Amino acid sequence: MQQGEKLYEGKAKILYATNDPTLVIQYFKDDATAFNAQKRGTIVDKGVCNNLISCALFQYLESRGVPTHFVRKLDDRSMLVKRLGIIPLEVTMRNITAGGMSRLLGIDEGMVLQRPVFEWHYKSDPLGDPLINDDHILALGAATPQELAALRSQSERINQLLKEYFSARGIDLVDFKLEFGRLATGAGQPPGPGQGTILLGDEISPDTCRFWEQGTRRKLDKDRFRRDLGDVEAAYQEMVKRVVGPAGSSTAATASGKPTAV
Ligand code: TMP
Ligand code: ASP
């Protein structure tokens, strides 16, 4: 697979064209941002960790019948993926209160929800990805009712599958963010609303999920960077061990061997 021109550079990843117009290379950087890029930093080898974790999770979801953009791992920091017309929506699924939901409703973090909470956010950096509802999406024609139903049922299934996967590895899946796209058939215009098969895109990693160690509630995700909790790299390395290792491999010690702030 030949790497072509840079198509897009985001805060954590770069997309490159390939000699096949239906495939792109997704490259993971070590750059970390928070609060809509007001806070910037580097997490050493984050790109390697997120690529490994995302490859393993996409393969797991595919094996359970969830269609994703994943084709194969290329090297430490890149994966080959199908080219999508990305839908400008971010889906957030929540199992335990934290972050945005705790702020929105003025409730403590750490309450186990009686059922998962599904949220749509409009993908817009200038607006800070605001929370929206089905009516906003349909009234603006960003997606069709059938697509919204498919996105919701896929997200609920992914939540169920990921919760089981992480639980077997000693991790509570607190919440996570997903992005979906419509499969492109060639180099031309990406498919619009109602056109093309919908696939799960982007990444699934400690950047896009909250992972708490079962029992201790130690944070093993990007909140360590967002909230200056320290041991950021160790948390990413620990999640690689948990995800890539066999189920039941929950190591209580951090990679650095030191106790960490929860
Ligand atoms: P939130 O509680 O800040 O809304 O975040 C919910 C989940 O979404 C959390 O697991 C982290 C992830 N997330 C992203 O992937 N990108 C973002 O820009 C933000 C704010 C959150
Ligand atoms: N992606 C967010 C940013 O805009 C950060 C976050 O994950 O909280 O920088």
# chains A, B, ... in the order shown; residues from 1 in each chain; ligands from 1

$ residues_near_ligand --ligand "ligand 1" --cutoff "7 Å" --atoms "only C-alpha atoms and all ligand atoms" --output "list of chain:residue names"
A:Phe35, A:Asn36, A:Thr92, A:Ala98, A:Gly99, A:Gly100, A:Met101, A:Asp175, A:Phe176, A:Lys177, A:Asp207, A:Thr208, A:Cys209, A:Arg210

$ select_by_dssp --residues "region 69-222 of chain A" --states "helix (DSSP H, G or I)" --output "ChimeraX atom specification"
/A:99-105,134-140,145-167

$ write_last_selection --atoms "C-alpha atoms" --output "tab-separated table (two decimals), in the first residue's frame"
chain	number	residue	atom	x	y	z
A	99	GLY	CA	-17.47	14.80	32.58
A	100	GLY	CA	-20.03	16.55	30.41
A	101	MET	CA	-23.09	14.83	31.90
A	102	SER	CA	-22.06	15.65	35.47
A	103	ARG	CA	-21.52	19.27	34.45
A	104	LEU	CA	-24.75	19.49	32.45
A	105	LEU	CA	-26.94	18.18	35.26
A	134	ASP	CA	-32.89	14.23	16.55
A	135	ASP	CA	-35.02	17.19	15.46
A	136	HIS	CA	-31.97	19.42	14.96
A	137	ILE	CA	-30.35	16.77	12.76
A	138	LEU	CA	-33.47	16.02	10.71
A	139	ALA	CA	-34.44	19.69	10.32
A	140	LEU	CA	-30.97	20.47	8.97
A	145	PRO	CA	-34.51	9.11	10.06
A	146	GLN	CA	-33.37	5.63	8.93
A	147	GLU	CA	-29.73	6.64	9.42
A	148	LEU	CA	-30.42	8.01	12.90
A	149	ALA	CA	-32.16	4.76	13.87
A	150	ALA	CA	-29.22	2.74	12.50
A	151	LEU	CA	-26.66	4.92	14.30
A	152	ARG	CA	-28.52	4.58	17.56
A	153	SER	CA	-28.94	0.80	17.39
A	154	GLN	CA	-25.29	0.33	16.30
A	155	SER	CA	-24.09	2.52	19.18
A	156	GLU	CA	-26.16	0.61	21.72
A	157	ARG	CA	-24.79	-2.70	20.43
A	158	ILE	CA	-21.22	-1.36	20.47
A	159	ASN	CA	-21.71	-0.21	24.07
A	160	GLN	CA	-22.91	-3.66	25.09
A	161	LEU	CA	-20.01	-5.40	23.34
A	162	LEU	CA	-17.36	-3.01	24.68
A	163	LYS	CA	-18.74	-3.13	28.23
A	164	GLU	CA	-18.41	-6.94	28.17
A	165	TYR	CA	-14.93	-6.78	26.63
A	166	PHE	CA	-13.59	-4.33	29.21
A	167	SER	CA	-15.35	-5.93	32.15

$ residues_near_ligand --ligand "ligand 2" --cutoff "10 Å" --atoms "only C-alpha atoms and all ligand atoms" --output "VMD selection string"
chain A and resid 10 to 12 31 to 40 99 to 100 124 to 126 128 to 129 177 206 to 209 222 to 223 225 to 226

$ residues_around --residues "region 240-245 of chain A" --least-positions-apart "6" --cutoff "9 Å" --atoms "only C-alpha atoms" --output "list in words"
Cys49, Asn50, Leu52, Ile53, Ala56, Leu57, Tyr165, Phe166, Arg169, Gly170, Ile171 and Thr251 of chain A

$ closest_residue --among "A:Pro191, A:Ile96, A:Ile87, A:Thr144" --to "Asp108 (chain A)" --atoms "only C-alpha atoms"
A:Ile96

$ atom_distance --atom1 "CA of Thr22 (chain A)" --atom2 "CA of Glu9 (chain A)"
18.4 Å

$ residues_around --residues "Gly201 (chain A)" --least-positions-apart "4" --cutoff "6 Å" --atoms "only C-alpha atoms" --output "ChimeraX atom specification"
/A:69,179-180

$ select_by_dssp --residues "region 4-252 of chain A" --states "strand (DSSP E)" --output "ChimeraX atom specification"
/A:4-9,13-18,23-28,31-34,39-42,70-75,78-82,84-86,89-96,112-122,131-132,171-178,180-183,198-200,209-213

$ atom_distance --atom1 "CA of Gln3 (chain A)" --atom2 "CA of Lys82 (chain A)"
14.1 Å

$ residues_around --residues "Tyr8 (chain A)" --least-positions-apart "6" --cutoff "12 Å" --atoms "only C-alpha atoms" --output "list of chain:residue names"
A:Ile14, A:Leu15, A:Tyr16, A:Ala17, A:Val24, A:Ile25, A:Gln26, A:Tyr27

$ closest_residue --among "A:Thr216, A:Leu173, A:Glu90, A:Gly181" --to "Glu119 (chain A)" --atoms "only C-alpha atoms"
A:Glu90

$ atom_distance --atom1 "CA of Met79 (chain A)" --atom2 "CA of Gln195 (chain A)"
25.2 Å

$ residues_around --residues "Leu89 (chain A)" --least-positions-apart "4" --cutoff "6 Å" --atoms "only C-alpha atoms" --output "PDB file with N, CA and C atoms, in the first residue's frame"
ATOM      1  N   HIS A 121     -23.927  14.888  19.562  1.00  0.00           N
ATOM      2  CA  HIS A 121     -23.281  16.204  19.572  1.00  0.00           C
ATOM      3  C   HIS A 121     -22.994  16.583  18.130  1.00  0.00           C
ATOM      4  N   TYR A 122     -23.207  17.852  17.825  1.00  0.00           N
ATOM      5  CA  TYR A 122     -22.878  18.343  16.485  1.00  0.00           C
ATOM      6  C   TYR A 122     -21.375  18.564  16.430  1.00  0.00           C
ATOM      7  N   LYS A 123     -20.704  17.945  15.427  1.00  0.00           N
ATOM      8  CA  LYS A 123     -19.238  17.993  15.340  1.00  0.00           C
ATOM      9  C   LYS A 123     -18.804  19.344  14.785  1.00  0.00           C
TER      10      LYS A 123
END

$ residues_around --residues "region 93-95 of chain A" --least-positions-apart "4" --cutoff "6 Å" --atoms "only C-alpha atoms" --output "list in words"
Leu113, Pro116, Val117, Phe118, Val174, Asp175 and Phe176 of chain A

$ write_last_selection --atoms "N, CA, C and O atoms" --output "compact mmCIF listing (two decimals), in the first residue's frame"
# COMPACT_ATOMS: atom_id res chain seq x y z
N LEU A 113 -25.52 4.53 36.01
CA LEU A 113 -26.82 4.92 35.44
C LEU A 113 -27.76 3.71 35.34
O LEU A 113 -27.30 2.59 35.12
N PRO A 116 -28.14 2.97 29.87
CA PRO A 116 -27.15 3.80 29.18
C PRO A 116 -27.79 5.08 28.63
O PRO A 116 -28.97 5.08 28.26
N VAL A 117 -27.02 6.15 28.62
CA VAL A 117 -27.49 7.43 28.06
C VAL A 117 -26.81 7.62 26.71
O VAL A 117 -25.60 7.49 26.58
N PHE A 118 -27.64 7.93 25.71
CA PHE A 118 -27.17 8.15 24.34
C PHE A 118 -27.29 9.64 24.05
O PHE A 118 -28.34 10.24 24.30
N VAL A 174 -16.86 3.75 31.39
CA VAL A 174 -17.68 4.84 31.95
C VAL A 174 -18.49 5.51 30.85
O VAL A 174 -19.71 5.64 30.93
N ASP A 175 -17.79 5.94 29.80
CA ASP A 175 -18.46 6.58 28.65
C ASP A 175 -17.49 6.57 27.48
O ASP A 175 -16.31 6.24 27.63
N PHE A 176 -17.99 6.91 26.31
CA PHE A 176 -17.12 6.98 25.13
C PHE A 176 -17.81 7.74 24.01
O PHE A 176 -19.03 7.97 24.06

$ closest_residue --among "A:Val71, A:Asp221, A:Arg83, A:Lys6" --to "Glu233 (chain A)" --atoms "only C-alpha atoms"
A:Asp221

$ decode --residues "region 185-211 of chain A" --atoms "C-alpha atoms" --output "CSV table (one decimal), in the first residue's frame"
chain,number,residue,atom,x,y,z
A,185,THR,CA,-17.3,4.1,-3.5
A,186,GLY,CA,-14.5,6.0,-5.3
A,187,ALA,CA,-12.5,9.2,-5.4
A,188,GLY,CA,-15.4,11.4,-6.2
A,189,GLN,CA,-17.8,13.3,-3.9
A,190,PRO,CA,-18.4,11.4,-0.6
A,191,PRO,CA,-21.9,10.0,-0.2
A,192,GLY,CA,-24.5,12.4,1.2
A,193,PRO,CA,-27.4,11.8,3.6
A,194,GLY,CA,-29.2,8.5,2.9
A,195,GLN,CA,-26.5,7.3,0.5
A,196,GLY,CA,-23.9,4.6,1.2
A,197,THR,CA,-23.5,2.0,4.0
A,198,ILE,CA,-22.8,3.4,7.4
A,199,LEU,CA,-19.6,2.2,9.1
A,200,LEU,CA,-18.1,3.0,12.5
A,201,GLY,CA,-15.1,5.2,11.9
A,202,ASP,CA,-12.4,7.3,13.7
A,203,GLU,CA,-10.8,5.5,16.8
A,204,ILE,CA,-11.7,3.8,20.1
A,205,SER,CA,-8.9,4.6,22.6
A,206,PRO,CA,-8.2,6.2,25.9
A,207,ASP,CA,-8.5,9.6,24.1
A,208,THR,CA,-12.2,8.9,23.3
A,209,CYS,CA,-13.3,6.7,26.2
A,210,ARG,CA,-13.3,6.9,30.0
A,211,PHE,CA,-11.8,3.7,31.5
